[in-house]
$ cat structure.csv   # CSV, C-alpha atoms and all ligand atoms
chain,number,residue,atom,x,y,z
F,1,MET,CA,34.6,-147.0,-164.7
F,2,PHE,CA,33.1,-145.3,-161.7
F,3,VAL,CA,30.6,-142.7,-162.9
F,4,GLY,CA,28.8,-141.5,-159.8
F,5,GLN,CA,25.7,-142.2,-157.7
F,6,ASP,CA,22.6,-144.0,-158.7
F,7,LEU,CA,19.9,-141.6,-157.5
F,8,TYR,CA,17.3,-144.3,-157.1
F,9,SER,CA,19.3,-146.9,-155.1
F,10,GLY,CA,21.9,-144.6,-153.7
F,11,GLY,CA,24.6,-147.1,-154.8
F,12,SER,CA,27.5,-146.4,-157.0
F,13,PHE,CA,27.1,-146.6,-160.7
F,14,VAL,CA,29.8,-147.9,-163.0
F,15,TYR,CA,29.8,-148.1,-166.8
F,16,ASP,CA,32.2,-149.6,-169.4
F,17,PRO,CA,30.9,-150.1,-172.9
F,18,TRP,CA,33.5,-152.7,-173.7
F,19,VAL,CA,32.7,-154.8,-170.6
F,20,LEU,CA,28.9,-154.6,-171.4
F,21,TYR,CA,29.7,-155.6,-174.9
F,22,LYS,CA,31.8,-158.6,-173.8
F,23,GLN,CA,29.0,-159.7,-171.5
F,24,GLY,CA,26.6,-159.6,-174.4
F,25,LEU,CA,24.4,-156.9,-172.8
F,26,ILE,CA,24.8,-154.5,-175.7
F,27,THR,CA,25.7,-155.3,-179.3
F,28,ALA,CA,27.6,-152.0,-180.1
F,29,PRO,CA,29.7,-149.8,-177.8
F,30,ASN,CA,28.4,-146.5,-179.1
F,31,VAL,CA,27.0,-143.7,-176.9
F,32,VAL,CA,24.8,-140.7,-177.6
F,33,LEU,CA,24.7,-137.9,-175.0
F,34,ALA,CA,22.2,-135.0,-175.2
F,35,GLY,CA,21.6,-132.1,-173.0
F,36,ILE,CA,21.3,-128.3,-172.9
F,37,VAL,CA,24.4,-126.0,-172.7
F,38,GLY,CA,25.9,-126.2,-169.2
F,39,SER,CA,24.2,-129.4,-168.2
F,40,GLY,CA,27.6,-131.2,-167.7
F,41,LYS,CA,27.9,-133.2,-170.9
F,42,SER,CA,31.6,-132.4,-171.7
F,43,SER,CA,32.5,-133.0,-168.1
F,44,LEU,CA,31.0,-136.4,-168.2
F,45,ALA,CA,32.8,-137.3,-171.4
F,46,LYS,CA,36.1,-136.1,-169.9
F,47,SER,CA,35.6,-138.2,-166.8
F,48,LEU,CA,34.6,-141.3,-168.7
F,49,TYR,CA,37.6,-141.2,-171.0
F,50,THR,CA,40.2,-140.1,-168.5
F,51,ARG,CA,39.0,-142.7,-166.0
F,52,SER,CA,39.3,-145.4,-168.7
F,53,ILE,CA,43.0,-144.6,-169.5
F,54,PRO,CA,44.3,-146.6,-166.5
F,55,PHE,CA,42.4,-149.5,-167.9
F,56,GLY,CA,44.5,-149.3,-171.1
F,57,ARG,CA,42.0,-147.4,-173.3
F,58,ARG,CA,43.1,-144.5,-175.4
F,59,VAL,CA,41.2,-141.4,-176.4
F,60,TYR,CA,40.8,-139.7,-179.7
F,61,VAL,CA,38.9,-136.4,-180.2
F,62,PRO,CA,38.8,-136.0,-184.0
F,63,GLY,CA,37.5,-132.4,-183.9
F,64,ASP,CA,37.1,-130.1,-180.9
F,65,PRO,CA,35.5,-126.9,-182.0
F,66,LYS,CA,35.9,-125.2,-178.5
F,67,GLY,CA,39.4,-126.5,-177.8
F,68,GLU,CA,38.2,-127.6,-174.4
F,69,HIS,CA,39.8,-131.0,-174.5
F,70,THR,CA,43.3,-129.6,-175.2
F,71,ALA,CA,44.2,-129.1,-171.6
F,72,VAL,CA,43.0,-132.6,-170.6
F,73,ALA,CA,44.9,-134.2,-173.5
F,74,GLU,CA,48.1,-132.6,-172.2
F,75,MET,CA,47.4,-133.5,-168.6
F,76,VAL,CA,47.1,-137.2,-169.4
F,77,GLY,CA,50.3,-137.2,-171.4
F,78,GLY,CA,48.7,-137.0,-174.7
F,79,LYS,CA,48.8,-134.3,-177.4
F,80,ALA,CA,46.5,-131.8,-178.8
F,81,ILE,CA,47.1,-130.7,-182.4
F,82,VAL,CA,46.2,-127.0,-182.7
F,83,LEU,CA,45.7,-125.8,-186.2
F,84,GLY,CA,44.8,-122.4,-187.5
F,85,HIS,CA,45.9,-119.5,-189.7
F,86,GLY,CA,49.0,-117.8,-188.4
F,87,LEU,CA,50.1,-120.9,-186.6
F,88,ARG,CA,53.2,-122.7,-187.7
F,89,ASN,CA,51.6,-126.1,-187.9
F,90,ARG,CA,51.1,-127.8,-191.2
F,91,LEU,CA,49.3,-131.1,-192.0
F,92,ASN,CA,50.3,-132.9,-195.2
F,93,PRO,CA,47.3,-134.8,-196.4
F,94,LEU,CA,49.7,-137.0,-198.4
F,95,ASP,CA,51.5,-138.3,-195.4
F,96,GLU,CA,51.7,-142.1,-195.3
F,97,GLY,CA,50.3,-142.2,-191.8
F,98,HIS,CA,50.7,-144.9,-189.2
F,99,ARG,CA,51.8,-148.3,-190.5
F,100,PRO,CA,49.7,-151.0,-188.9
F,101,SER,CA,51.7,-154.1,-187.8
F,102,GLY,CA,51.6,-157.2,-189.8
F,103,LEU,CA,51.4,-155.8,-193.3
F,104,THR,CA,53.7,-156.8,-196.1
F,105,ASP,CA,55.4,-154.0,-198.0
F,106,PHE,CA,53.1,-154.6,-200.9
F,107,GLU,CA,50.0,-154.4,-198.8
F,108,TRP,CA,51.3,-151.2,-197.2
F,109,THR,CA,52.1,-149.5,-200.5
F,110,THR,CA,48.7,-150.4,-201.8
F,111,GLN,CA,47.0,-149.1,-198.7
F,112,VAL,CA,48.9,-145.8,-198.8
F,113,ALA,CA,48.1,-145.3,-202.4
F,114,SER,CA,44.4,-146.0,-201.9
F,115,ARG,CA,44.2,-143.8,-198.8
F,116,ARG,CA,45.8,-140.9,-200.6
F,117,ARG,CA,43.5,-141.3,-203.5
F,118,ASN,CA,40.4,-141.4,-201.2
F,119,LEU,CA,41.6,-138.5,-199.1
F,120,ILE,CA,42.4,-136.2,-202.0
F,121,GLY,CA,39.1,-137.1,-203.6
F,122,ALA,CA,37.3,-136.4,-200.3
F,123,LEU,CA,39.0,-133.1,-199.9
F,124,ALA,CA,38.1,-132.0,-203.4
F,125,ALA,CA,34.5,-133.2,-202.8
F,126,THR,CA,34.3,-131.2,-199.5
F,127,VAL,CA,35.5,-128.0,-201.1
F,128,LEU,CA,33.2,-128.5,-204.2
F,129,GLU,CA,30.3,-129.6,-202.0
F,130,ARG,CA,29.4,-132.4,-204.3
F,131,SER,CA,30.6,-135.9,-205.2
F,132,LEU,CA,33.2,-136.2,-207.9
F,133,SER,CA,32.6,-137.6,-211.4
F,134,PRO,CA,34.6,-140.6,-212.7
F,135,LEU,CA,36.6,-138.3,-215.0
F,136,GLU,CA,37.6,-136.2,-212.0
F,137,HIS,CA,38.7,-139.3,-210.0
F,138,THR,CA,40.9,-140.2,-213.0
F,139,ALA,CA,42.4,-136.8,-213.1
F,140,ILE,CA,43.3,-137.0,-209.4
F,141,ASP,CA,44.6,-140.5,-209.8
F,142,VAL,CA,46.9,-139.8,-212.7
F,143,ALA,CA,48.3,-136.6,-211.0
F,144,LEU,CA,48.9,-138.5,-207.7
F,145,THR,CA,50.7,-141.4,-209.4
F,146,ALA,CA,53.0,-138.9,-211.2
F,147,VAL,CA,53.8,-136.9,-208.1
F,148,VAL,CA,54.3,-139.9,-205.8
F,149,THR,CA,56.7,-141.7,-208.2
F,150,SER,CA,58.9,-138.6,-208.6
F,151,ASN,CA,59.0,-137.2,-205.0
F,152,ASP,CA,60.1,-138.6,-201.7
F,153,VAL,CA,57.8,-136.2,-199.7
F,154,PRO,CA,54.9,-135.5,-202.0
F,155,ILE,CA,52.9,-132.4,-201.0
F,156,LEU,CA,49.5,-131.1,-202.1
F,157,PRO,CA,50.8,-128.1,-204.2
F,158,MET,CA,52.6,-130.7,-206.5
F,159,VAL,CA,49.3,-132.6,-207.0
F,160,VAL,CA,47.4,-129.4,-207.8
F,161,ASP,CA,50.0,-128.4,-210.4
F,162,ARG,CA,49.8,-131.8,-212.0
F,163,ILE,CA,46.1,-131.8,-212.1
F,164,LEU,CA,46.0,-128.3,-213.7
F,165,THR,CA,48.9,-129.1,-216.0
F,166,PRO,CA,49.1,-132.8,-216.7
F,167,ASP,CA,52.2,-134.4,-218.1
F,168,PRO,CA,51.7,-134.4,-221.9
F,169,ALA,CA,52.7,-138.1,-221.9
F,170,ASP,CA,49.6,-138.9,-219.7
F,171,ASP,CA,47.3,-136.6,-221.6
F,172,GLU,CA,47.4,-137.8,-225.2
F,173,ASP,CA,44.1,-136.3,-226.4
F,174,GLY,CA,44.5,-133.2,-224.2
F,175,ARG,CA,41.2,-133.9,-222.3
F,176,LEU,CA,42.7,-134.7,-218.9
F,177,ALA,CA,43.4,-131.1,-218.0
F,178,GLU,CA,39.9,-130.2,-218.9
F,179,ASP,CA,38.4,-133.1,-216.9
F,180,GLY,CA,40.5,-132.1,-213.8
F,181,ARG,CA,39.9,-128.3,-214.0
F,182,LEU,CA,37.3,-128.0,-211.3
F,183,VAL,CA,39.0,-130.4,-208.9
F,184,GLY,CA,42.3,-128.7,-209.5
F,185,HIS,CA,40.9,-125.3,-208.6
F,186,ALA,CA,39.0,-126.7,-205.6
F,187,LEU,CA,42.2,-128.2,-204.2
F,188,ARG,CA,44.1,-125.0,-205.2
F,189,ARG,CA,42.0,-123.2,-202.5
F,190,LEU,CA,43.9,-125.3,-200.0
F,191,VAL,CA,47.3,-124.3,-201.2
F,192,ALA,CA,46.9,-120.9,-202.6
F,193,GLY,CA,43.5,-119.6,-201.8
F,194,ASP,CA,41.7,-118.6,-198.7
F,195,LEU,CA,42.4,-121.9,-197.0
F,196,GLN,CA,46.1,-121.7,-197.7
F,197,GLY,CA,48.8,-122.2,-195.1
F,198,LEU,CA,47.7,-125.4,-193.4
F,199,PHE,CA,48.0,-128.1,-196.0
F,200,ASP,CA,50.7,-126.9,-198.4
F,201,GLY,CA,53.9,-128.3,-196.9
F,202,PRO,CA,55.4,-131.3,-195.1
F,203,SER,CA,53.7,-132.0,-191.8
F,204,THR,CA,55.0,-130.4,-188.7
F,205,VAL,CA,52.8,-132.4,-186.4
F,206,THR,CA,52.6,-136.2,-186.3
F,207,PHE,CA,49.7,-138.3,-185.4
F,208,ASP,CA,51.1,-140.8,-182.9
F,209,PRO,CA,48.5,-143.4,-182.2
F,210,SER,CA,50.5,-144.8,-179.2
F,211,LEU,CA,49.7,-141.7,-177.1
F,212,PRO,CA,47.0,-142.1,-174.5
F,213,MET,CA,45.1,-139.2,-176.0
F,214,ILE,CA,45.1,-137.2,-179.2
F,215,SER,CA,42.8,-134.2,-179.8
F,216,LEU,CA,42.4,-132.1,-182.9
F,217,ASP,CA,41.8,-128.6,-181.6
F,218,LEU,CA,39.7,-126.6,-184.1
F,219,SER,CA,39.0,-123.6,-181.9
F,220,ARG,CA,41.1,-121.4,-184.1
F,221,VAL,CA,39.3,-122.3,-187.3
F,222,ALA,CA,35.8,-123.1,-185.9
F,223,GLU,CA,34.2,-120.2,-187.8
F,224,ASN,CA,35.3,-121.5,-191.2
F,225,SER,CA,33.1,-124.5,-191.8
F,226,THR,CA,34.9,-125.6,-195.0
F,227,LEU,CA,38.2,-125.6,-193.1
F,228,VAL,CA,36.7,-127.6,-190.2
F,229,SER,CA,35.4,-130.2,-192.6
F,230,VAL,CA,38.7,-130.4,-194.5
F,231,LEU,CA,40.7,-130.8,-191.3
F,232,MET,CA,38.5,-133.4,-189.9
F,233,THR,CA,38.5,-135.3,-193.2
F,234,CYS,CA,42.4,-135.5,-193.0
F,235,SER,CA,42.4,-136.4,-189.3
F,236,SER,CA,39.8,-139.2,-189.7
F,237,ALA,CA,41.8,-140.7,-192.6
F,238,TRP,CA,44.8,-140.9,-190.3
F,239,MET,CA,42.8,-142.2,-187.5
F,240,GLU,CA,41.4,-144.9,-189.6
F,241,SER,CA,44.8,-146.2,-190.4
F,242,ALA,CA,45.6,-146.3,-186.6
F,243,LEU,CA,42.3,-148.0,-185.9
F,244,MET,CA,42.9,-150.7,-188.5
F,245,ASP,CA,46.0,-151.8,-186.5
F,246,PRO,CA,45.1,-155.1,-184.9
F,247,ASN,CA,47.4,-154.1,-182.0
F,248,GLY,CA,45.8,-150.6,-181.7
F,249,GLY,CA,43.8,-151.5,-178.6
F,250,GLN,CA,40.5,-150.0,-177.5
F,251,ARG,CA,39.7,-146.4,-177.7
F,252,TRP,CA,37.1,-143.8,-177.2
F,253,VAL,CA,36.3,-141.5,-180.1
F,254,ILE,CA,34.6,-138.4,-178.8
F,255,TYR,CA,32.6,-136.1,-181.0
F,256,ASP,CA,31.8,-133.1,-178.7
F,257,GLU,CA,29.6,-130.4,-180.1
F,258,ALA,CA,28.6,-132.9,-182.7
F,259,TRP,CA,25.8,-130.9,-184.4
F,260,ARG,CA,28.4,-128.6,-185.8
F,261,LEU,CA,30.4,-131.5,-187.2
F,262,MET,CA,27.5,-133.3,-188.6
F,263,SER,CA,26.5,-130.6,-191.0
F,264,HIS,CA,29.3,-131.8,-193.3
F,265,PRO,CA,28.1,-134.7,-195.5
F,266,ALA,CA,31.5,-136.2,-196.1
F,267,LEU,CA,32.2,-136.3,-192.3
F,268,LEU,CA,28.8,-137.7,-191.6
F,269,LYS,CA,29.5,-140.5,-194.0
F,270,ARG,CA,32.8,-141.3,-192.4
F,271,MET,CA,31.2,-141.1,-188.9
F,272,ASP,CA,28.5,-143.5,-190.0
F,273,ALA,CA,31.1,-146.0,-191.3
F,274,GLN,CA,33.1,-145.8,-188.1
F,275,TRP,CA,30.0,-146.4,-186.0
F,276,ARG,CA,29.2,-149.5,-188.0
F,277,MET,CA,32.7,-150.7,-187.6
F,278,ALA,CA,33.0,-149.9,-183.9
F,279,ARG,CA,32.9,-153.4,-182.7
F,280,HIS,CA,35.3,-154.7,-185.2
F,281,TYR,CA,37.8,-151.9,-184.4
F,282,GLY,CA,37.3,-152.0,-180.6
F,283,ILE,CA,36.3,-148.3,-180.6
F,284,ALA,CA,33.5,-146.7,-178.6
F,285,ASN,CA,32.1,-143.6,-180.3
F,286,MET,CA,30.5,-140.9,-178.2
F,287,LEU,CA,28.3,-138.3,-179.9
F,288,ILE,CA,27.4,-135.3,-177.9
F,289,PHE,CA,24.8,-132.8,-178.8
F,290,HIS,CA,22.1,-130.6,-177.3
F,291,LYS,CA,18.8,-132.3,-178.2
F,292,LEU,CA,17.8,-135.3,-180.2
F,293,THR,CA,16.1,-133.0,-182.8
F,294,ASP,CA,19.6,-131.8,-183.7
F,295,LEU,CA,19.6,-135.0,-185.8
F,296,ASP,CA,16.5,-133.8,-187.6
F,297,ASN,CA,18.3,-130.7,-188.8
F,298,VAL,CA,20.9,-132.7,-190.7
F,299,GLY,CA,20.3,-132.5,-194.4
F,300,ASP,CA,16.8,-132.3,-196.0
F,301,SER,CA,13.9,-134.3,-194.9
F,302,GLY,CA,14.1,-137.7,-196.5
F,303,SER,CA,17.7,-137.2,-197.7
F,304,ALA,CA,20.5,-139.7,-197.4
F,305,MET,CA,22.1,-137.3,-194.8
F,306,ARG,CA,19.0,-137.4,-192.6
F,307,ALA,CA,18.9,-141.2,-192.8
F,308,LEU,CA,22.5,-141.4,-191.8
F,309,ALA,CA,22.0,-139.2,-188.8
F,310,SER,CA,19.0,-141.3,-187.7
F,311,SER,CA,21.0,-144.5,-188.1
F,312,LEU,CA,23.7,-143.1,-185.8
F,313,LEU,CA,21.1,-142.8,-183.0
F,314,ALA,CA,19.6,-146.2,-183.8
F,315,ASN,CA,23.1,-147.7,-183.5
F,316,ALA,CA,23.7,-146.3,-180.1
F,317,GLU,CA,22.5,-148.6,-177.4
F,318,THR,CA,23.6,-146.3,-174.6
F,319,ARG,CA,21.7,-143.0,-174.6
F,320,ILE,CA,22.3,-140.5,-171.9
F,321,ILE,CA,19.8,-137.7,-171.6
F,322,TYR,CA,20.8,-134.6,-169.6
F,323,ARG,CA,18.5,-131.6,-168.9
F,324,GLN,CA,16.3,-130.8,-171.9
F,325,GLU,CA,14.2,-127.7,-172.7
F,326,SER,CA,10.5,-128.4,-172.1
F,327,ASP,CA,9.6,-128.1,-175.8
F,328,GLN,CA,11.9,-131.1,-176.4
F,329,LEU,CA,10.4,-133.5,-173.9
F,330,GLY,CA,7.8,-135.0,-176.1
F,331,VAL,CA,10.2,-135.7,-179.0
F,332,THR,CA,12.9,-137.1,-176.7
F,333,ALA,CA,10.4,-139.4,-175.0
F,334,ARG,CA,9.0,-140.6,-178.3
F,335,THR,CA,12.4,-141.2,-179.9
F,336,LEU,CA,13.7,-143.1,-176.9
F,337,GLY,CA,10.4,-144.8,-175.9
F,338,LEU,CA,10.6,-143.2,-172.4
F,339,THR,CA,7.9,-143.8,-169.8
F,340,GLY,CA,5.8,-140.9,-168.5
F,341,THR,CA,7.8,-140.9,-165.2
F,342,GLU,CA,11.1,-140.8,-167.1
F,343,GLN,CA,9.9,-138.0,-169.2
F,344,LYS,CA,8.8,-135.9,-166.2
F,345,LEU,CA,12.3,-136.3,-164.7
F,346,LEU,CA,14.1,-134.6,-167.6
F,347,PRO,CA,13.3,-130.8,-167.0
F,348,GLY,CA,14.3,-131.1,-163.3
F,349,LEU,CA,17.7,-132.7,-163.8
F,350,GLY,CA,20.6,-130.8,-162.2
F,351,THR,CA,24.1,-130.3,-163.5
F,352,GLY,CA,25.7,-133.7,-164.1
F,353,GLN,CA,22.5,-135.6,-163.6
F,354,GLY,CA,21.1,-137.7,-166.4
F,355,LEU,CA,18.8,-140.4,-167.4
F,356,TRP,CA,20.9,-143.3,-168.7
F,357,ARG,CA,19.2,-145.7,-171.1
F,358,ILE,CA,21.3,-148.8,-171.6
F,359,LYS,CA,19.4,-150.9,-174.1
F,360,ASP,CA,16.1,-151.3,-172.3
F,361,ARG,CA,17.2,-150.5,-168.8
F,362,SER,CA,17.0,-147.0,-167.2
F,363,PHE,CA,19.1,-145.4,-164.5
F,364,VAL,CA,19.1,-141.9,-163.1
F,365,ILE,CA,22.7,-141.0,-162.3
F,366,GLN,CA,24.5,-138.1,-160.6
F,367,HIS,CA,28.0,-137.9,-162.2
F,368,GLN,CA,30.5,-137.2,-159.4
F,369,LEU,CA,33.6,-135.2,-160.1
F,370,HIS,CA,36.7,-135.4,-158.0
F,371,PRO,CA,37.8,-131.8,-157.1
F,372,ASP,CA,40.9,-132.3,-159.2
F,373,GLU,CA,38.8,-133.3,-162.2
F,374,LEU,CA,36.5,-130.3,-161.5
F,375,ALA,CA,39.5,-128.0,-161.7
F,376,ALA,CA,41.0,-129.7,-164.7
F,377,PHE,CA,37.8,-129.9,-166.7
F,378,ASP,CA,36.2,-126.6,-165.9
F,379,THR,CA,35.0,-124.7,-168.8
F,380,THR,CA,33.8,-121.6,-166.9
F,381,THR,CA,37.1,-120.4,-165.5
F,382,ARG,CA,37.8,-118.3,-168.5
F,383,MET,CA,34.5,-116.6,-168.2
F,384,THR,CA,34.6,-116.0,-164.5
F,385,GLY,CA,38.3,-115.1,-164.6
F,386,GLY,CA,39.1,-117.6,-161.9
F,387,ALA,CA,42.5,-119.0,-161.5
F,388,LYS,CA,43.3,-122.5,-162.7
M,401,LIG,N1,29.0,-133.7,-162.2
M,401,LIG,C1,29.3,-132.4,-161.9
M,401,LIG,N2,29.4,-131.9,-160.7
M,401,LIG,C2,29.7,-130.6,-160.5
M,401,LIG,N3,29.9,-129.7,-161.4
M,401,LIG,C3,29.8,-130.1,-162.7
M,401,LIG,C4,29.4,-131.5,-163.0
M,401,LIG,N4,29.4,-131.6,-164.4
M,401,LIG,C5,29.7,-130.4,-164.8
M,401,LIG,N5,29.9,-129.5,-163.9
M,401,LIG,C6,30.2,-128.0,-164.1
M,401,LIG,O1,29.2,-127.5,-164.9
M,401,LIG,C7,29.8,-126.6,-165.8
M,401,LIG,C8,29.3,-126.9,-167.3
M,401,LIG,O2,29.8,-128.2,-167.6
M,401,LIG,P1,30.1,-128.7,-169.1
M,401,LIG,O3,30.5,-130.1,-168.9
M,401,LIG,O4,31.0,-127.8,-169.8
M,401,LIG,O5,28.6,-128.6,-169.7
M,401,LIG,P2,28.2,-128.8,-171.2
M,401,LIG,O6,29.2,-129.6,-172.0
M,401,LIG,O7,26.9,-129.7,-171.1
M,401,LIG,O8,27.9,-127.5,-171.8
M,401,LIG,C9,31.3,-126.7,-165.7
M,401,LIG,O9,31.7,-125.5,-165.0
M,401,LIG,C10,31.5,-127.9,-164.8
M,401,LIG,O10,32.6,-127.8,-164.0
M,402,MG,MG,30.3,-129.0,-173.7

$ encode --input "structure.csv" --output "structure tokens" --more "lines below"
Ligand SMILES: Nc1ncnc2c1ncn2[C@@H]1O[C@H](COP(=O)(O)OP(=O)(O)O)[C@@H](O)[C@H]1O
Ligand SMILES: [Mg+2]
Amino acid sequence: MFVGQDLYSGGSFVYDPWVLYKQGLITAPNVVLAGIVGSGKSSLAKSLYTRSIPFGRRVYVPGDPKGEHTAVAEMVGGKAIVLGHGLRNRLNPLDEGHRPSGLTDFEWTTQVASRRRNLIGALAATVLERSLSPLEHTAIDVALTAVVTSNDVPILPMVVDRILTPDPADDEDGRLAEDGRLVGHALRRLVAGDLQGLFDGPSTVTFDPSLPMISLDLSRVAENSTLVSVLMTCSSAWMESALMDPNGGQRWVIYDEAWRLMSHPALLKRMDAQWRMARHYGIANMLIFHKLTDLDNVGDSGSAMRALASSLLANAETRIIYRQESDQLGVTARTLGLTGTEQKLLPGLGTGQGLWRIKDRSFVIQHQLHPDELAAFDTTTRMTGGAK
């Protein structure tokens, strides 16, 4: 894909993580992009992914806190799923999801059952902000089995009811209800409490992995961090089933404003798993944040969360550094092993200019936007009141 101009040579600069991977120049197609607000990060992401669509790649934005990828998704013939209180849209976490080709009925049923179990467990863990005990997993499992066998379209409220009031036949010593009480009430928040109205009915939106682009627009819920986390947990579970399809093709997975998403442990774990699997699934992850030290604010020092965040950076062989605040220069240079000259460049970078480190090679690139791209991607029109 054409990116722009190489500011040292004056030549054009092209980049394609899949091609570099195929040529053996990088061992994983993941990208980290850091720069201050307004430096042009989102615009670069939008150019990279839209320009790769004609090459057969697809795009997935699993959580867009500012809703700024929605218009682009619609423009390229994809879809943005907008969720929020007061909107009609519902997501049913018990949906079967996309069936990958080449699975037998038995394999598929097993896969659906295990995905539902994992997802409901992850949702409960997210709301409880801790991992579940074995007894709690059992409580979920028993309730799920009962609900799924007796309903064509199982929905979350049924599971909650079953966890809180188990079938006496399943609960001979009367302990199951007790074991499931906390998980039951945690999940109840999603169907009757403050998080109600999004997960409590059959889905009104479908996740169609054949579209060129899908974006989950979280701008209407961005202030509620539990809700963001829960929604992204659901969407990444569906995405995983689409990604596991051997005919799913190659796709970009874009985490814009990633520091907001990374504060959720369950999401960070999923992200980490997806980064490790990137090659296998043919996906290129792109993680966008302000500064490399955003990764140091994840979890407590020495915690598993912090280690995960650092491993994300370590697993990205393409690091693009846009303009940085001067107090960040030392850290950035040390983390990436920049030379003195490269470090001096960073504070003077203009909009759309960045230092690209691809494994051990460095380039300074001006990202060039076509006027139509500029109009389509612009994030300032709303603030300046300009016409589209
Ligand atoms: N390569 C570029 N050439 C010209 N203008 C750009 C370029 N990249 C970004 N811009 C403009 O800069 C502004 C901020 O860009 P944006 O991508 O939203 O920044 P960030 O995501 O880093 O906050 C937008 O109005 C955008 O149109
Ligand atoms: Mg941005």

$ residues_near_ligand --input "structure.csv" --ligand "ligand LIG 401 (chain M)" --cutoff "6 Å" --atoms "all atoms listed in the file" --output "PDB file with C-alpha atoms, keeping the file's coordinate frame"
ATOM      1  CA  VAL F  37      24.400-126.000-172.700  1.00  0.00           C
ATOM      2  CA  GLY F  38      25.900-126.200-169.200  1.00  0.00           C
ATOM      3  CA  SER F  39      24.200-129.400-168.200  1.00  0.00           C
ATOM      4  CA  GLY F  40      27.600-131.200-167.700  1.00  0.00           C
ATOM      5  CA  LYS F  41      27.900-133.200-170.900  1.00  0.00           C
ATOM      6  CA  SER F  42      31.600-132.400-171.700  1.00  0.00           C
ATOM      7  CA  SER F  43      32.500-133.000-168.100  1.00  0.00           C
ATOM      8  CA  THR F 351      24.100-130.300-163.500  1.00  0.00           C
ATOM      9  CA  GLY F 352      25.700-133.700-164.100  1.00  0.00           C
ATOM     10  CA  HIS F 367      28.000-137.900-162.200  1.00  0.00           C
ATOM     11  CA  GLN F 368      30.500-137.200-159.400  1.00  0.00           C
ATOM     12  CA  LEU F 369      33.600-135.200-160.100  1.00  0.00           C
ATOM     13  CA  LEU F 374      36.500-130.300-161.500  1.00  0.00           C
ATOM     14  CA  ASP F 378      36.200-126.600-165.900  1.00  0.00           C
ATOM     15  CA  THR F 379      35.000-124.700-168.800  1.00  0.00           C
ATOM     16  CA  THR F 380      33.800-121.600-166.900  1.00  0.00           C
TER      17      THR F 380
END

$ atom_distance --input "structure.csv" --atom1 "CA of Tyr8 in chain F" --atom2 "CA of Arg357 in chain F"
14.2 Å

$ atom_distance --input "structure.csv" --atom1 "CA of Lys344 in chain F" --atom2 "CA of Tyr322 in chain F"
12.5 Å

$ atom_distance --input "structure.csv" --atom1 "CA of Ile26 in chain F" --atom2 "CA of Phe363 in chain F"
15.5 Å

$ closest_residue --input "structure.csv" --among "F:Leu211, F:Met75, F:Ile254, F:Leu329" --to "ligand MG 402 (chain M)" --atoms "all atoms listed in the file"
F:Ile254

$ residues_around --input "structure.csv" --residues "Ser210 in chain F" --least-positions-apart "2" --cutoff "8 Å" --atoms "all atoms listed in the file" --output "number ranges by chain"
F: 208, 212, 248

$ write_last_selection --input "structure.csv" --atoms "C-alpha atoms" --output "short mmCIF file (atom, residue, chain, number, x, y, z; two decimals), in the coordinates of the input"
data_model
loop_
_atom_site.label_atom_id
_atom_site.label_comp_id
_atom_site.auth_asym_id
_atom_site.auth_seq_id
_atom_site.Cartn_x
_atom_site.Cartn_y
_atom_site.Cartn_z
CA ASP F 208 51.10 -140.80 -182.90
CA PRO F 212 47.00 -142.10 -174.50
CA GLY F 248 45.80 -150.60 -181.70
#

$ residues_around --input "structure.csv" --residues "Arg175 in chain F" --least-positions-apart "4" --cutoff "10 Å" --atoms "all atoms listed in the file" --output "list in words"
Leu135, Ala139, Pro166, Asp171, Asp179 and Gly180 of chain F

$ residues_around --input "structure.csv" --residues "range 289-293 of chain F" --least-positions-apart "3" --cutoff "12 Å" --atoms "all atoms listed in the file" --output "PyMOL selection string"
chain F and resi 31-42+45+254-262+286+296-298+306+309-310+312-314+319-336+346

$ closest_residue --input "structure.csv" --among "F:Ile163, F:Arg361, F:Asp141, F:Leu287" --to "ligand MG 402 (chain M)" --atoms "all atoms listed in the file"
F:Leu287

$ residues_around --input "structure.csv" --residues "Ala266 in chain F" --least-positions-apart "3" --cutoff "10 Å" --atoms "all atoms listed in the file" --output "ChimeraX atom specification"
/F:122-123,125-126,129-131,229-230,232-233,262-263,269-272,305

$ closest_residue --input "structure.csv" --among "F:Leu349, F:Ile288, F:Met1, F:Ala71" --to "ligand MG 402 (chain M)" --atoms "all atoms listed in the file"
F:Ile288

$ closest_residue --input "structure.csv" --among "F:Leu176, F:Leu44, F:Leu231, F:Ala28" --to "ligand MG 402 (chain M)" --atoms "only C-alpha atoms and all ligand atoms"
F:Leu44

$ closest_residue --input "structure.csv" --among "F:Ile140, F:Ala80, F:Gly337, F:Ala124" --to "Gly63 in chain F" --atoms "only C-alpha atoms"
F:Ala80

$ residues_around --input "structure.csv" --residues "Ala273 in chain F" --least-positions-apart "5" --cutoff "10 Å" --atoms "only C-alpha atoms" --output "PyMOL selection string"
chain F and resi 267-268+278+308+312

$ closest_residue --input "structure.csv" --among "F:Ser12, F:Lys46, F:Ala192, F:Glu223" --to "ligand MG 402 (chain M)" --atoms "all atoms listed in the file"
F:Lys46
